[in-house]
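Shown here: protein-v6.cif, mmCIF, C-alpha atoms and all ligand atoms.
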```cif
data_structure
loop_
_atom_site.label_atom_id
_atom_site.label_comp_id
_atom_site.auth_asym_id
_atom_site.auth_seq_id
_atom_site.Cartn_x
_atom_site.Cartn_y
_atom_site.Cartn_z
CA MET A 24 144.58 136.41 55.90
CA ASP A 25 146.45 138.73 58.24
CA CYS A 26 150.09 137.75 57.81
CA LEU A 27 152.96 140.23 58.14
CA PHE A 28 155.29 138.39 55.75
CA CYS A 29 152.51 137.86 53.16
CA SER A 30 152.01 141.65 53.31
CA ILE A 31 155.76 142.12 52.73
CA ILE A 32 155.59 139.74 49.73
CA LYS A 33 152.67 141.76 48.30
CA GLY A 34 154.59 144.99 48.85
CA ASP A 35 151.92 146.37 51.20
CA ILE A 36 154.61 146.64 53.88
CA PRO A 37 158.00 147.92 52.69
CA SER A 38 161.14 145.86 53.12
CA THR A 39 164.74 146.03 51.99
CA THR A 40 164.90 143.18 49.51
CA VAL A 41 168.26 141.55 48.91
CA TYR A 42 167.07 138.64 46.74
CA GLU A 43 163.79 137.69 45.11
CA ASP A 44 162.51 135.26 42.51
CA ASP A 45 159.23 133.51 41.71
CA LEU A 46 159.40 131.26 44.77
CA ILE A 47 161.21 133.12 47.54
CA LYS A 48 162.10 136.53 48.94
CA ALA A 49 165.01 137.58 51.14
CA PHE A 50 165.01 140.89 53.00
CA ALA A 51 166.76 142.65 55.85
CA ASP A 52 165.44 141.96 59.35
CA ILE A 53 163.93 145.07 60.92
CA SER A 54 165.79 144.36 64.18
CA PRO A 55 169.17 142.96 63.14
CA GLN A 56 170.96 140.75 65.65
CA ALA A 57 174.22 140.69 63.65
CA PRO A 58 175.86 142.88 60.96
CA VAL A 59 174.13 140.63 58.41
CA HIS A 60 170.62 139.52 59.37
CA ILE A 61 168.47 138.45 56.45
CA ILE A 62 165.02 136.85 56.58
CA ILE A 63 164.32 134.32 53.81
CA ILE A 64 160.72 133.30 53.15
CA PRO A 65 158.71 131.20 50.70
CA LYS A 66 156.21 133.14 48.57
CA MET A 67 153.57 130.68 49.73
CA HIS A 68 152.00 131.03 53.14
CA ILE A 69 153.38 128.20 55.26
CA ALA A 70 152.69 128.89 58.93
CA SER A 71 155.77 127.18 60.33
CA ALA A 72 158.24 124.33 59.84
CA ASN A 73 155.48 122.18 61.32
CA GLU A 74 153.31 122.85 58.25
CA ILE A 75 155.80 121.91 55.51
CA ASN A 76 154.25 119.45 53.05
CA SER A 77 155.51 118.11 49.73
CA GLU A 78 154.58 121.34 47.92
CA GLY A 79 156.14 123.49 50.64
CA ALA A 80 159.27 121.37 50.57
CA LYS A 81 159.98 122.63 47.04
CA TYR A 82 160.09 126.19 48.38
CA VAL A 83 162.29 125.13 51.28
CA ALA A 84 164.66 123.30 48.93
CA HIS A 85 164.83 126.40 46.76
CA ILE A 86 165.64 128.57 49.77
CA PHE A 87 168.58 126.31 50.63
CA GLU A 88 169.68 126.20 47.00
CA LYS A 89 169.87 130.01 47.00
CA ILE A 90 171.46 130.50 50.42
CA PRO A 91 175.05 130.24 49.08
CA GLU A 92 174.28 132.97 46.53
CA ILE A 93 172.59 135.21 49.11
CA ALA A 94 175.43 134.67 51.60
CA ALA A 95 178.04 135.47 48.94
CA ALA A 96 176.19 138.66 47.99
CA GLN A 97 176.19 139.64 51.68
CA GLY A 98 179.94 139.00 51.91
CA ILE A 99 179.68 136.25 54.52
CA ALA A 100 180.22 133.12 52.43
CA GLU A 101 183.87 132.82 53.47
CA SER A 102 183.56 134.01 57.07
CA GLY A 103 180.57 131.77 57.73
CA TYR A 104 177.06 132.17 58.99
CA ARG A 105 174.21 130.61 60.89
CA ILE A 106 170.77 129.67 59.56
CA ILE A 107 168.01 129.59 62.16
CA ASN A 108 164.36 128.60 62.06
CA ASN A 109 162.24 129.21 65.13
CA CYS A 110 159.13 127.00 65.20
CA GLY A 111 156.16 127.41 67.50
CA LYS A 112 155.94 128.57 71.09
CA ASP A 113 158.96 126.83 72.55
CA GLY A 114 161.00 127.66 69.44
CA GLY A 115 160.24 131.34 69.99
CA GLN A 116 158.53 131.92 66.64
CA THR A 117 156.91 135.38 66.55
CA VAL A 118 155.83 135.65 62.89
CA ASN A 119 153.65 132.78 61.71
CA HIS A 120 154.98 132.54 58.16
CA LEU A 121 157.87 130.10 57.71
CA HIS A 122 161.18 131.94 57.62
CA PHE A 123 164.88 131.29 57.96
CA HIS A 124 167.21 133.77 59.59
CA LEU A 125 170.59 134.14 57.85
CA LEU A 126 173.02 135.65 60.35
CA GLY A 127 176.68 136.57 59.96
CA GLY A 128 179.30 139.27 59.83
CA ARG A 129 180.57 138.60 63.35
CA ASP A 130 181.46 135.65 65.57
CA LEU A 131 177.98 134.49 66.49
CA GLY A 132 179.10 133.21 69.86
CA ALA A 133 177.20 130.83 72.09
CA LYS A 134 175.64 127.81 70.46
CA LEU A 135 172.70 125.75 71.68
CA VAL A 136 173.97 122.75 69.73
P1 LIG X 201 160.93 134.89 64.61
O1 LIG X 201 161.05 135.49 65.99
O2 LIG X 201 159.49 134.58 64.26
O3 LIG X 201 161.84 133.76 64.34
O4 LIG X 201 161.44 136.01 63.62
C1 LIG X 201 160.67 137.09 63.20
C2 LIG X 201 161.62 138.15 62.72
O5 LIG X 201 160.91 139.08 61.94
C3 LIG X 201 162.28 138.94 63.86
O6 LIG X 201 163.70 138.79 63.76
C4 LIG X 201 161.83 140.36 63.62
O7 LIG X 201 162.83 141.32 63.89
C5 LIG X 201 161.44 140.35 62.16
N1 LIG X 201 160.40 141.30 61.82
C6 LIG X 201 159.25 141.53 62.51
N2 LIG X 201 158.51 142.46 61.90
C7 LIG X 201 159.20 142.83 60.79
C8 LIG X 201 158.96 143.78 59.74
O8 LIG X 201 157.93 144.47 59.69
N3 LIG X 201 159.91 143.89 58.76
C9 LIG X 201 161.06 143.14 58.79
N4 LIG X 201 161.93 143.35 57.78
N5 LIG X 201 161.32 142.24 59.75
C10 LIG X 201 160.41 142.08 60.74
ZN ZN X 202 152.07 134.50 55.22
#
```

Let me see the file written as structure tokens.
Ligand code: 5GP
Ligand code: ZN
Amino acid sequence: MDCLFCSIIKGDIPSTTVYEDDLIKAFADISPQAPVHIIIIPKMHIASANEINSEGAKYVAHIFEKIPEIAAAQGIAESGYRIINNCGKDGGQTVNHLHFHLLGGRDLGAKLV
């Protein structure tokens, strides 16, 4: 399967890892939109939020369990942050492997909701 983030998990494409365990990997976004911009992914290919099933939900739960630790390590736990998932065409998803953006380090400004 030709998936950019699966290639990053395998190490075929280099990334700057900030957290990793058996289930998930967190790495710096190649085009950061804030001083802290981390991508957090499950180490199982899930195409999008639309494809989360009961097995995938364990990975998603683990991602959210680890977000406080990752945010603290990035120095943004106190100042705050935003977690974003883009799903599908209207959501603006460009990489078809489920991922959460962790953004912080500045006032993130305008909100959609
Ligand atoms: P999406 O637009 O699908 O929500 O987010 C995809 C993200 O992946 C974008 O923020 C983009 O900058 C990032 N990205 C795309 N290609 C690479 C890459 O090769 N390495 C890293 N670290 N990030 C990437
Ligand atoms: Zn994948």

Per residue of chain A within 6 Å of ligand LIG 201 (chain X), record the nearest atom pair and its distance in Å to one decimal, counting only C-alpha atoms and all ligand atoms, with rows in chain order and ascending residue number, as a Markdown table.
```
| residue | atom | partner | partner_atom | distance |
| --- | --- | --- | --- | --- |
| A:Ser38 | CA | X:LIG201 | N4 | 5.4 |
| A:Ala51 | CA | X:LIG201 | N4 | 5.2 |
| A:Asp52 | CA | X:LIG201 | N4 | 4.1 |
| A:Ile53 | CA | X:LIG201 | N5 | 4.0 |
| A:Ser54 | CA | X:LIG201 | O7 | 4.3 |
| A:Asn109 | CA | X:LIG201 | O3 | 4.6 |
| A:Gly115 | CA | X:LIG201 | O1 | 5.8 |
| A:Gln116 | CA | X:LIG201 | O2 | 3.7 |
| A:Thr117 | CA | X:LIG201 | O2 | 3.5 |
| A:Val118 | CA | X:LIG201 | O2 | 4.1 |
```

If you take all atoms listed in the file and a cut-off of 7 Å, which residues of chain A touch ligand ZN 202 (chain X), and what are their nearest atom pairs and distances in Å to one decimal, in chain and number order, as a Markdown table?
```
| residue | atom | partner | partner_atom | distance |
| --- | --- | --- | --- | --- |
| A:Cys26 | CA | X:ZN202 | ZN | 4.6 |
| A:Leu27 | CA | X:ZN202 | ZN | 6.5 |
| A:Phe28 | CA | X:ZN202 | ZN | 5.1 |
| A:Cys29 | CA | X:ZN202 | ZN | 4.0 |
| A:Met67 | CA | X:ZN202 | ZN | 6.9 |
| A:His68 | CA | X:ZN202 | ZN | 4.0 |
| A:Ile69 | CA | X:ZN202 | ZN | 6.4 |
| A:Ala70 | CA | X:ZN202 | ZN | 6.8 |
| A:Asn119 | CA | X:ZN202 | ZN | 6.9 |
| A:His120 | CA | X:ZN202 | ZN | 4.6 |
```

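For the pair CA of Asn108 in chain A and CA of Ala72 in chain A, the separation is 7.8 Å.
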
> At what distance in Å, to one decimal, does CA of Phe123 in chain A lie from CA of Pro65 in chain A?
Replying inline: 9.5 Å

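For the atom pair formed by CA of His122 in chain A and CA of Ile64 in chain A, the distance is 4.7 Å, given to one decimal.
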
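Closest to Gly34 in chain A among A:Asp130, A:Lys66, A:Leu125, A:Gln56 is A:Lys66, based on all atoms listed in the file.
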
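Across A:Asn76, A:Ile32, A:Ile63, A:Gly132, the tightest approach to Glu88 in chain A is made by A:Ile63 when counting only C-alpha atoms.
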
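If you measure from each of A:Ile99, A:Val41, A:Ile31, A:Ile36 to Gly128 in chain A using only C-alpha atoms, the closest one turns out to be A:Ile99.
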
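Comparing A:Phe87, A:Arg129, A:His124, A:Ile75 by their smallest distance to Glu101 in chain A, the closest is A:Arg129 (using all atoms listed in the file).
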
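Nearest residue to Pro91 in chain A, choosing from A:Tyr42, A:Phe50, A:Glu74, A:Leu131 and counting all atoms listed in the file: A:Tyr42.
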
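Of the residues listed (A:Leu135, A:Leu46, A:Ile62, A:Ile93), A:Leu46 shows the shortest atom-to-atom separation from Ala80 in chain A; distances use all atoms listed in the file.
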
What are the centre and the three edge lengths of an axis-aligned box that wraps all atoms of range 115-134 of chain A in the file, given that 4 Å is added to every side, written as AutoDock Vina command-line options and rounded to one decimal in Å?
```
--center_x 167.6 --center_y 133.5 --center_z 64.9 --size_x 35.8 --size_y 19.5 --size_z 22.5
```

With all heavy atoms retained, output range 83-97 of chain A as a PDB file, in the first residue's frame.
```pdb
ATOM      1  N   VAL A  83      -6.959   5.314  18.870  1.00  0.00           N
ATOM      2  CA  VAL A  83      -7.389   6.707  19.045  1.00  0.00           C
ATOM      3  C   VAL A  83      -7.415   7.058  20.533  1.00  0.00           C
ATOM      4  O   VAL A  83      -6.947   8.129  20.953  1.00  0.00           O
ATOM      5  CB  VAL A  83      -8.758   6.938  18.390  1.00  0.00           C
ATOM      6  CG1 VAL A  83      -9.259   8.348  18.677  1.00  0.00           C
ATOM      7  CG2 VAL A  83      -8.669   6.707  16.878  1.00  0.00           C
ATOM      8  N   ALA A  84      -7.946   6.145  21.349  1.00  0.00           N
ATOM      9  CA  ALA A  84      -7.975   6.385  22.795  1.00  0.00           C
ATOM     10  C   ALA A  84      -6.558   6.555  23.333  1.00  0.00           C
ATOM     11  O   ALA A  84      -6.295   7.429  24.176  1.00  0.00           O
ATOM     12  CB  ALA A  84      -8.678   5.235  23.508  1.00  0.00           C
ATOM     13  N   HIS A  85      -5.646   5.742  22.816  1.00  0.00           N
ATOM     14  CA  HIS A  85      -4.261   5.823  23.282  1.00  0.00           C
ATOM     15  C   HIS A  85      -3.621   7.153  22.878  1.00  0.00           C
ATOM     16  O   HIS A  85      -2.863   7.746  23.652  1.00  0.00           O
ATOM     17  CB  HIS A  85      -3.465   4.638  22.744  1.00  0.00           C
ATOM     18  CG  HIS A  85      -2.125   4.495  23.372  1.00  0.00           C
ATOM     19  ND1 HIS A  85      -1.946   4.231  24.715  1.00  0.00           N
ATOM     20  CD2 HIS A  85      -0.870   4.617  22.864  1.00  0.00           C
ATOM     21  CE1 HIS A  85      -0.652   4.188  24.994  1.00  0.00           C
ATOM     22  NE2 HIS A  85       0.022   4.415  23.886  1.00  0.00           N
ATOM     23  N   ILE A  86      -3.941   7.603  21.673  1.00  0.00           N
ATOM     24  CA  ILE A  86      -3.441   8.924  21.246  1.00  0.00           C
ATOM     25  C   ILE A  86      -3.880   9.992  22.244  1.00  0.00           C
ATOM     26  O   ILE A  86      -3.079  10.795  22.721  1.00  0.00           O
ATOM     27  CB  ILE A  86      -3.931   9.252  19.814  1.00  0.00           C
ATOM     28  CG1 ILE A  86      -3.131   8.433  18.795  1.00  0.00           C
ATOM     29  CG2 ILE A  86      -3.800  10.760  19.521  1.00  0.00           C
ATOM     30  CD1 ILE A  86      -3.645   8.519  17.366  1.00  0.00           C
ATOM     31  N   PHE A  87      -5.168   9.975  22.598  1.00  0.00           N
ATOM     32  CA  PHE A  87      -5.667  11.022  23.500  1.00  0.00           C
ATOM     33  C   PHE A  87      -5.145  10.845  24.923  1.00  0.00           C
ATOM     34  O   PHE A  87      -4.981  11.832  25.652  1.00  0.00           O
ATOM     35  CB  PHE A  87      -7.194  11.102  23.425  1.00  0.00           C
ATOM     36  CG  PHE A  87      -7.636  11.923  22.241  1.00  0.00           C
ATOM     37  CD1 PHE A  87      -7.709  11.370  20.978  1.00  0.00           C
ATOM     38  CD2 PHE A  87      -7.919  13.284  22.387  1.00  0.00           C
ATOM     39  CE1 PHE A  87      -8.061  12.135  19.869  1.00  0.00           C
ATOM     40  CE2 PHE A  87      -8.267  14.054  21.293  1.00  0.00           C
ATOM     41  CZ  PHE A  87      -8.348  13.479  20.023  1.00  0.00           C
ATOM     42  N   GLU A  88      -4.853   9.601  25.294  1.00  0.00           N
ATOM     43  CA  GLU A  88      -4.253   9.361  26.606  1.00  0.00           C
ATOM     44  C   GLU A  88      -2.853   9.974  26.669  1.00  0.00           C
ATOM     45  O   GLU A  88      -2.436  10.468  27.719  1.00  0.00           O
ATOM     46  CB  GLU A  88      -4.179   7.848  26.849  1.00  0.00           C
ATOM     47  CG  GLU A  88      -3.690   7.447  28.212  1.00  0.00           C
ATOM     48  CD  GLU A  88      -3.557   5.924  28.344  1.00  0.00           C
ATOM     49  OE1 GLU A  88      -4.115   5.194  27.492  1.00  0.00           O
ATOM     50  OE2 GLU A  88      -2.889   5.498  29.289  1.00  0.00           O
ATOM     51  N   LYS A  89      -2.149   9.950  25.542  1.00  0.00           N
ATOM     52  CA  LYS A  89      -0.754  10.427  25.512  1.00  0.00           C
ATOM     53  C   LYS A  89      -0.623  11.904  25.182  1.00  0.00           C
ATOM     54  O   LYS A  89       0.462  12.485  25.348  1.00  0.00           O
ATOM     55  CB  LYS A  89       0.060   9.593  24.510  1.00  0.00           C
ATOM     56  CG  LYS A  89       0.317   8.175  24.975  1.00  0.00           C
ATOM     57  CD  LYS A  89       1.182   8.183  26.230  1.00  0.00           C
ATOM     58  CE  LYS A  89       1.340   6.796  26.813  1.00  0.00           C
ATOM     59  NZ  LYS A  89       2.126   6.820  28.062  1.00  0.00           N
ATOM     60  N   ILE A  90      -1.681  12.533  24.691  1.00  0.00           N
ATOM     61  CA  ILE A  90      -1.581  13.944  24.309  1.00  0.00           C
ATOM     62  C   ILE A  90      -1.101  14.836  25.466  1.00  0.00           C
ATOM     63  O   ILE A  90      -0.222  15.692  25.249  1.00  0.00           O
ATOM     64  CB  ILE A  90      -2.903  14.449  23.682  1.00  0.00           C
ATOM     65  CG1 ILE A  90      -2.956  14.000  22.203  1.00  0.00           C
ATOM     66  CG2 ILE A  90      -3.032  15.971  23.795  1.00  0.00           C
ATOM     67  CD1 ILE A  90      -4.275  14.296  21.509  1.00  0.00           C
ATOM     68  N   PRO A  91      -1.584  14.668  26.693  1.00  0.00           N
ATOM     69  CA  PRO A  91      -1.064  15.533  27.767  1.00  0.00           C
ATOM     70  C   PRO A  91       0.450  15.417  27.943  1.00  0.00           C
ATOM     71  O   PRO A  91       1.140  16.425  28.174  1.00  0.00           O
ATOM     72  CB  PRO A  91      -1.809  15.042  29.017  1.00  0.00           C
ATOM     73  CG  PRO A  91      -3.070  14.442  28.481  1.00  0.00           C
ATOM     74  CD  PRO A  91      -2.678  13.805  27.169  1.00  0.00           C
ATOM     75  N   GLU A  92       0.965  14.198  27.813  1.00  0.00           N
ATOM     76  CA  GLU A  92       2.406  13.957  27.950  1.00  0.00           C
ATOM     77  C   GLU A  92       3.173  14.605  26.790  1.00  0.00           C
ATOM     78  O   GLU A  92       4.213  15.241  26.994  1.00  0.00           O
ATOM     79  CB  GLU A  92       2.624  12.443  27.949  1.00  0.00           C
ATOM     80  CG  GLU A  92       4.003  11.984  28.301  1.00  0.00           C
ATOM     81  CD  GLU A  92       4.073  10.463  28.259  1.00  0.00           C
ATOM     82  OE1 GLU A  92       3.177   9.799  28.832  1.00  0.00           O
ATOM     83  OE2 GLU A  92       5.006   9.942  27.636  1.00  0.00           O
ATOM     84  N   ILE A  93       2.654  14.445  25.584  1.00  0.00           N
ATOM     85  CA  ILE A  93       3.319  15.014  24.409  1.00  0.00           C
ATOM     86  C   ILE A  93       3.284  16.543  24.491  1.00  0.00           C
ATOM     87  O   ILE A  93       4.282  17.220  24.246  1.00  0.00           O
ATOM     88  CB  ILE A  93       2.659  14.501  23.110  1.00  0.00           C
ATOM     89  CG1 ILE A  93       2.845  12.987  22.982  1.00  0.00           C
ATOM     90  CG2 ILE A  93       3.227  15.225  21.885  1.00  0.00           C
ATOM     91  CD1 ILE A  93       1.967  12.324  21.919  1.00  0.00           C
ATOM     92  N   ALA A  94       2.128  17.085  24.886  1.00  0.00           N
ATOM     93  CA  ALA A  94       1.994  18.547  25.005  1.00  0.00           C
ATOM     94  C   ALA A  94       2.945  19.086  26.075  1.00  0.00           C
ATOM     95  O   ALA A  94       3.592  20.125  25.871  1.00  0.00           O
ATOM     96  CB  ALA A  94       0.553  18.916  25.333  1.00  0.00           C
ATOM     97  N   ALA A  95       3.049  18.386  27.193  1.00  0.00           N
ATOM     98  CA  ALA A  95       3.957  18.828  28.261  1.00  0.00           C
ATOM     99  C   ALA A  95       5.395  18.815  27.773  1.00  0.00           C
ATOM    100  O   ALA A  95       6.157  19.753  28.029  1.00  0.00           O
ATOM    101  CB  ALA A  95       3.788  17.939  29.493  1.00  0.00           C
ATOM    102  N   ALA A  96       5.767  17.764  27.048  1.00  0.00           N
ATOM    103  CA  ALA A  96       7.137  17.665  26.528  1.00  0.00           C
ATOM    104  C   ALA A  96       7.435  18.786  25.531  1.00  0.00           C
ATOM    105  O   ALA A  96       8.581  19.215  25.399  1.00  0.00           O
ATOM    106  CB  ALA A  96       7.353  16.302  25.870  1.00  0.00           C
ATOM    107  N   GLN A  97       6.399  19.258  24.854  1.00  0.00           N
ATOM    108  CA  GLN A  97       6.561  20.350  23.885  1.00  0.00           C
ATOM    109  C   GLN A  97       6.475  21.730  24.544  1.00  0.00           C
ATOM    110  O   GLN A  97       6.609  22.758  23.872  1.00  0.00           O
ATOM    111  CB  GLN A  97       5.496  20.244  22.786  1.00  0.00           C
ATOM    112  CG  GLN A  97       5.641  19.003  21.903  1.00  0.00           C
ATOM    113  CD  GLN A  97       6.928  19.006  21.098  1.00  0.00           C
ATOM    114  OE1 GLN A  97       7.304  20.028  20.536  1.00  0.00           O
ATOM    115  NE2 GLN A  97       7.627  17.883  21.077  1.00  0.00           N
TER     116      GLN A  97
END
```
